[in-house]
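Everything below concerns the one structure shown next.
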Amino acid sequence: MIAGLSIEALRTYVGVDEFVTRRGDGHVQLQLSTWPEVEAYLSRSRGIVVPIGSTEQHGPTGLIGTDAICAEVIARGVGQESDALVAPTINVGMAQHHMAFPGTMTLRPSTMVAVIRDNVLCLAEHGFQRFLFVNGHGGNVATIGAAFAEIYNELRARLGEAAPAVRCRQMNWWDVDGVRGYSREAFGIAEGSHATPSEVALTQWAYPDEIKRAVLEPPIAPSGSFYDARHYRSRFPDGRIGSNPGLATPEHGQRLYDIAVAGLSQAYRNFLAED
Ligand code: NI
């Protein structure tokens, strides 16, 4: 955004089409902003969107970065839709159970709590108060919740009544209204729970040059639970759980993107309007 100009003024200034292009080019990203732009943003909003994902195997055809990519593209869509700043993606999450597959990276839960705590408290020091985490990985949920508790505890213990009114929320993109319904309609039981056609479709839409194909046998992977990484690989030898990502197309991905961005944008605006 150009500092100091309202959206309407900006539309007039650059013309609507160019404005849309400029926004799409990433003017909502913190790392593509300058400090005066962030200062201007803070004079009109205290909110920020934080994509958080994982770097882990997603079956024989899914990108290692699937969870981070899904969270990132959706978060940026929310940023464009809601004039929200988007923080750098937290790319590595809690994925110890995928470590029996090459390429997977994981943080220990305690490290991840510290990473989230440091990210939030830096931004809070500048005046950000509402943090919407757009999460791309189910294995992160408990640790993100623990990090929020750690942050609130620290602010209260350190600053008491003087603490800023920091509030953190996490939302899984697949839990947004309408997403599950669409996934069920498009993929039925082949959606499964890991390396799902929905998440793979989103990455295909985001990175059409990186679409991978392979024979998946059986087409729908086995389902079930697991303990540690070794147990996971013995039960789910190609990495998928219950899914057939071979059904994914970029068109499905675009639809999922639209549904998730619309729902999360509404949730973000409600979050900012809460007292
Ligand atoms: Ni995933």
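How things are named: the first chain in the structure tokens is A, the next is B, and so on; residues count from 1 in each chain; ligands count from 1 in the order shown.
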Would you give me, as a PyMOL selection string, the residues in stretch 62-215 of chain A that DSSP reads as helix (DSSP H, G or I)? chain A and resi 66-82+96-98+109-126+138-162+173-175+179-191+197-206+208-210
Would you pick out the contacts of stretch 177-184 of chain A at 7 Å or less, using only C-alpha atoms, so that residues sharing its chain but fewer than 5 positions from it are not included, and give the list as number ranges by chain? A: 191, 198, 256, 259-260, 263
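A straight line drawn from atom CA of A:Phe128 to atom CA of A:Thr106 is 27.7 Å long.
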Hey, which residues come within 6 Å of ligand 1 if we count only C-alpha atoms and all ligand atoms? Could you give them as a PyMOL selection string? chain A and resi 66-67+137+194-195
Please, what distance in Å, to one decimal, runs between atom CA of A:Ala262 and atom CA of A:Arg76?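 Atom CA of A:Arg76 lies at a distance of 11.9 Å from atom CA of A:Ala262.
Here atom CA of A:Glu251 and atom CA of A:Gly53 stand 22.3 Å from one another.
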Please identify every residue of stretch 130-197 of chain A that has at least one atom no farther than 9 Å from an atom of stretch 85-95 of chain A, counting only C-alpha atoms, and for each give the shortest atom pair and the distance in Å to one decimal, arranged by chain then increasing number, as JSON lines.
{"residue": "A:His137", "atom": "CA", "partner": "A:Gly93", "partner_atom": "CA", "distance": 7.9}
{"residue": "A:Gly139", "atom": "CA", "partner": "A:Met94", "partner_atom": "CA", "distance": 5.9}
{"residue": "A:Asn140", "atom": "CA", "partner": "A:Met94", "partner_atom": "CA", "distance": 5.5}
{"residue": "A:Thr143", "atom": "CA", "partner": "A:Met94", "partner_atom": "CA", "distance": 7.7}
Nearest residue to A:Val78 from the set A:Asn119, A:Val50, A:Gly138, A:Thr249 (distances using only C-alpha atoms):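 Counting only C-alpha atoms, the residue closest to A:Val78 is A:Val50.
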Residue neighbourhood stretch 155-168 of chain A, 10 Å, only C-alpha atoms, exclusion window fewer than 5 positions, as a PDB file with C-alpha atoms, in the first residue's frame:
ATOM      1  CA  ARG A  46      -3.659  -3.516  14.716  1.00  0.00           C
ATOM      2  CA  GLY A  47      -4.319  -6.799  12.938  1.00  0.00           C
ATOM      3  CA  ILE A  48      -1.958  -9.174  11.174  1.00  0.00           C
ATOM      4  CA  VAL A 120       4.235 -12.556  18.234  1.00  0.00           C
ATOM      5  CA  LEU A 121       6.061 -10.559  20.898  1.00  0.00           C
ATOM      6  CA  ALA A 124       3.308  -6.805  19.605  1.00  0.00           C
ATOM      7  CA  GLU A 125       6.153  -4.483  20.555  1.00  0.00           C
ATOM      8  CA  GLY A 127       1.710  -2.276  18.214  1.00  0.00           C
ATOM      9  CA  PHE A 128       0.132  -5.328  16.562  1.00  0.00           C
ATOM     10  CA  GLN A 129      -2.544  -6.787  18.828  1.00  0.00           C
ATOM     11  CA  ARG A 130      -4.749  -9.155  16.816  1.00  0.00           C
ATOM     12  CA  PHE A 131      -2.964 -12.175  15.384  1.00  0.00           C
ATOM     13  CA  LEU A 132      -4.871 -14.501  13.094  1.00  0.00           C
ATOM     14  CA  PHE A 133      -2.827 -17.644  12.469  1.00  0.00           C
ATOM     15  CA  ILE A 144       0.060 -23.342  18.558  1.00  0.00           C
ATOM     16  CA  GLY A 145      -2.495 -23.365  21.400  1.00  0.00           C
ATOM     17  CA  ALA A 147       2.242 -21.020  22.437  1.00  0.00           C
ATOM     18  CA  PHE A 148      -0.740 -18.687  22.813  1.00  0.00           C
ATOM     19  CA  ALA A 149      -1.070 -19.684  26.490  1.00  0.00           C
ATOM     20  CA  GLU A 150       2.660 -19.064  26.952  1.00  0.00           C
ATOM     21  CA  PHE A 271     -11.884 -10.791  14.997  1.00  0.00           C
ATOM     22  CA  LEU A 272     -10.809  -7.146  14.522  1.00  0.00           C
TER      23      LEU A 272
END
For A:Lys212: contacts at 10 Å, only C-alpha atoms, fewer than 2 positions along chain excluded, given as an mmCIF file with N, CA and C atoms, in the first residue's frame:
data_model
loop_
_atom_site.group_PDB
_atom_site.id
_atom_site.type_symbol
_atom_site.label_atom_id
_atom_site.label_comp_id
_atom_site.auth_asym_id
_atom_site.auth_seq_id
_atom_site.Cartn_x
_atom_site.Cartn_y
_atom_site.Cartn_z
ATOM 1 N N PRO A 60 3.640 -39.698 -2.465
ATOM 2 C CA PRO A 60 4.546 -39.736 -3.613
ATOM 3 C C PRO A 60 4.361 -38.571 -4.583
ATOM 4 N N THR A 61 3.234 -37.864 -4.528
ATOM 5 C CA THR A 61 2.991 -36.789 -5.505
ATOM 6 C C THR A 61 2.818 -35.416 -4.857
ATOM 7 N N GLY A 62 2.732 -35.372 -3.531
ATOM 8 C CA GLY A 62 2.504 -34.099 -2.845
ATOM 9 C C GLY A 62 3.819 -33.409 -2.514
ATOM 10 N N LEU A 63 3.846 -32.086 -2.640
ATOM 11 C CA LEU A 63 5.061 -31.325 -2.352
ATOM 12 C C LEU A 63 5.356 -31.348 -0.858
ATOM 13 N N VAL A 200 -3.460 -31.012 -1.990
ATOM 14 C CA VAL A 200 -2.623 -31.154 -3.184
ATOM 15 C C VAL A 200 -3.167 -30.269 -4.312
ATOM 16 N N GLN A 204 -1.331 -27.349 -6.498
ATOM 17 C CA GLN A 204 -1.302 -27.410 -7.974
ATOM 18 C C GLN A 204 -1.750 -26.082 -8.572
ATOM 19 N N PRO A 208 1.474 -24.392 -10.703
ATOM 20 C CA PRO A 208 1.080 -25.310 -11.780
ATOM 21 C C PRO A 208 2.268 -25.971 -12.481
ATOM 22 N N ASP A 209 3.456 -25.403 -12.356
ATOM 23 C CA ASP A 209 4.625 -26.024 -12.998
ATOM 24 C C ASP A 209 5.214 -27.160 -12.160
ATOM 25 N N GLU A 210 4.677 -27.358 -10.975
ATOM 26 C CA GLU A 210 5.242 -28.377 -10.076
ATOM 27 C C GLU A 210 4.273 -29.529 -9.831
ATOM 28 N N ALA A 214 2.068 -39.881 -10.324
ATOM 29 C CA ALA A 214 2.647 -41.215 -10.105
ATOM 30 C C ALA A 214 1.493 -42.190 -9.975
ATOM 31 N N GLY A 246 -4.487 -38.366 -6.404
ATOM 32 C CA GLY A 246 -4.520 -38.437 -7.866
ATOM 33 C C GLY A 246 -5.759 -37.776 -8.456
#
What residues in stretch 28-135 of chain A get the DSSP label strand (DSSP E)? Please answer as a PyMOL selection string. chain A and resi 47-52+85-86+130-135
Suppose we keep C-alpha atoms; can you now write the selection as a PDB file, in the first residue's frame?
ATOM      1  CA  GLY A  47      -4.319  -6.799  12.938  1.00  0.00           C
ATOM      2  CA  ILE A  48      -1.958  -9.174  11.174  1.00  0.00           C
ATOM      3  CA  VAL A  49      -2.368 -12.541   9.485  1.00  0.00           C
ATOM      4  CA  VAL A  50       0.290 -15.188  10.182  1.00  0.00           C
ATOM      5  CA  PRO A  51       0.546 -18.215   7.878  1.00  0.00           C
ATOM      6  CA  ILE A  52       1.890 -21.297   9.643  1.00  0.00           C
ATOM      7  CA  LEU A  85      -0.702  -7.206   6.497  1.00  0.00           C
ATOM      8  CA  VAL A  86       0.596 -10.786   6.224  1.00  0.00           C
ATOM      9  CA  ARG A 130      -4.749  -9.155  16.816  1.00  0.00           C
ATOM     10  CA  PHE A 131      -2.964 -12.175  15.384  1.00  0.00           C
ATOM     11  CA  LEU A 132      -4.871 -14.501  13.094  1.00  0.00           C
ATOM     12  CA  PHE A 133      -2.827 -17.644  12.469  1.00  0.00           C
ATOM     13  CA  VAL A 134      -3.879 -19.404   9.284  1.00  0.00           C
ATOM     14  CA  ASN A 135      -2.806 -22.984   9.926  1.00  0.00           C
TER      15      ASN A 135
END
Need the shell around A:Met99: protein/DNA/RNA residues with any atom at most 8 Å away, counting only C-alpha atoms. Skip same-chain ones fewer than 5 positions apart. Format as a PyMOL selection string? chain A and resi 56+104-106+229
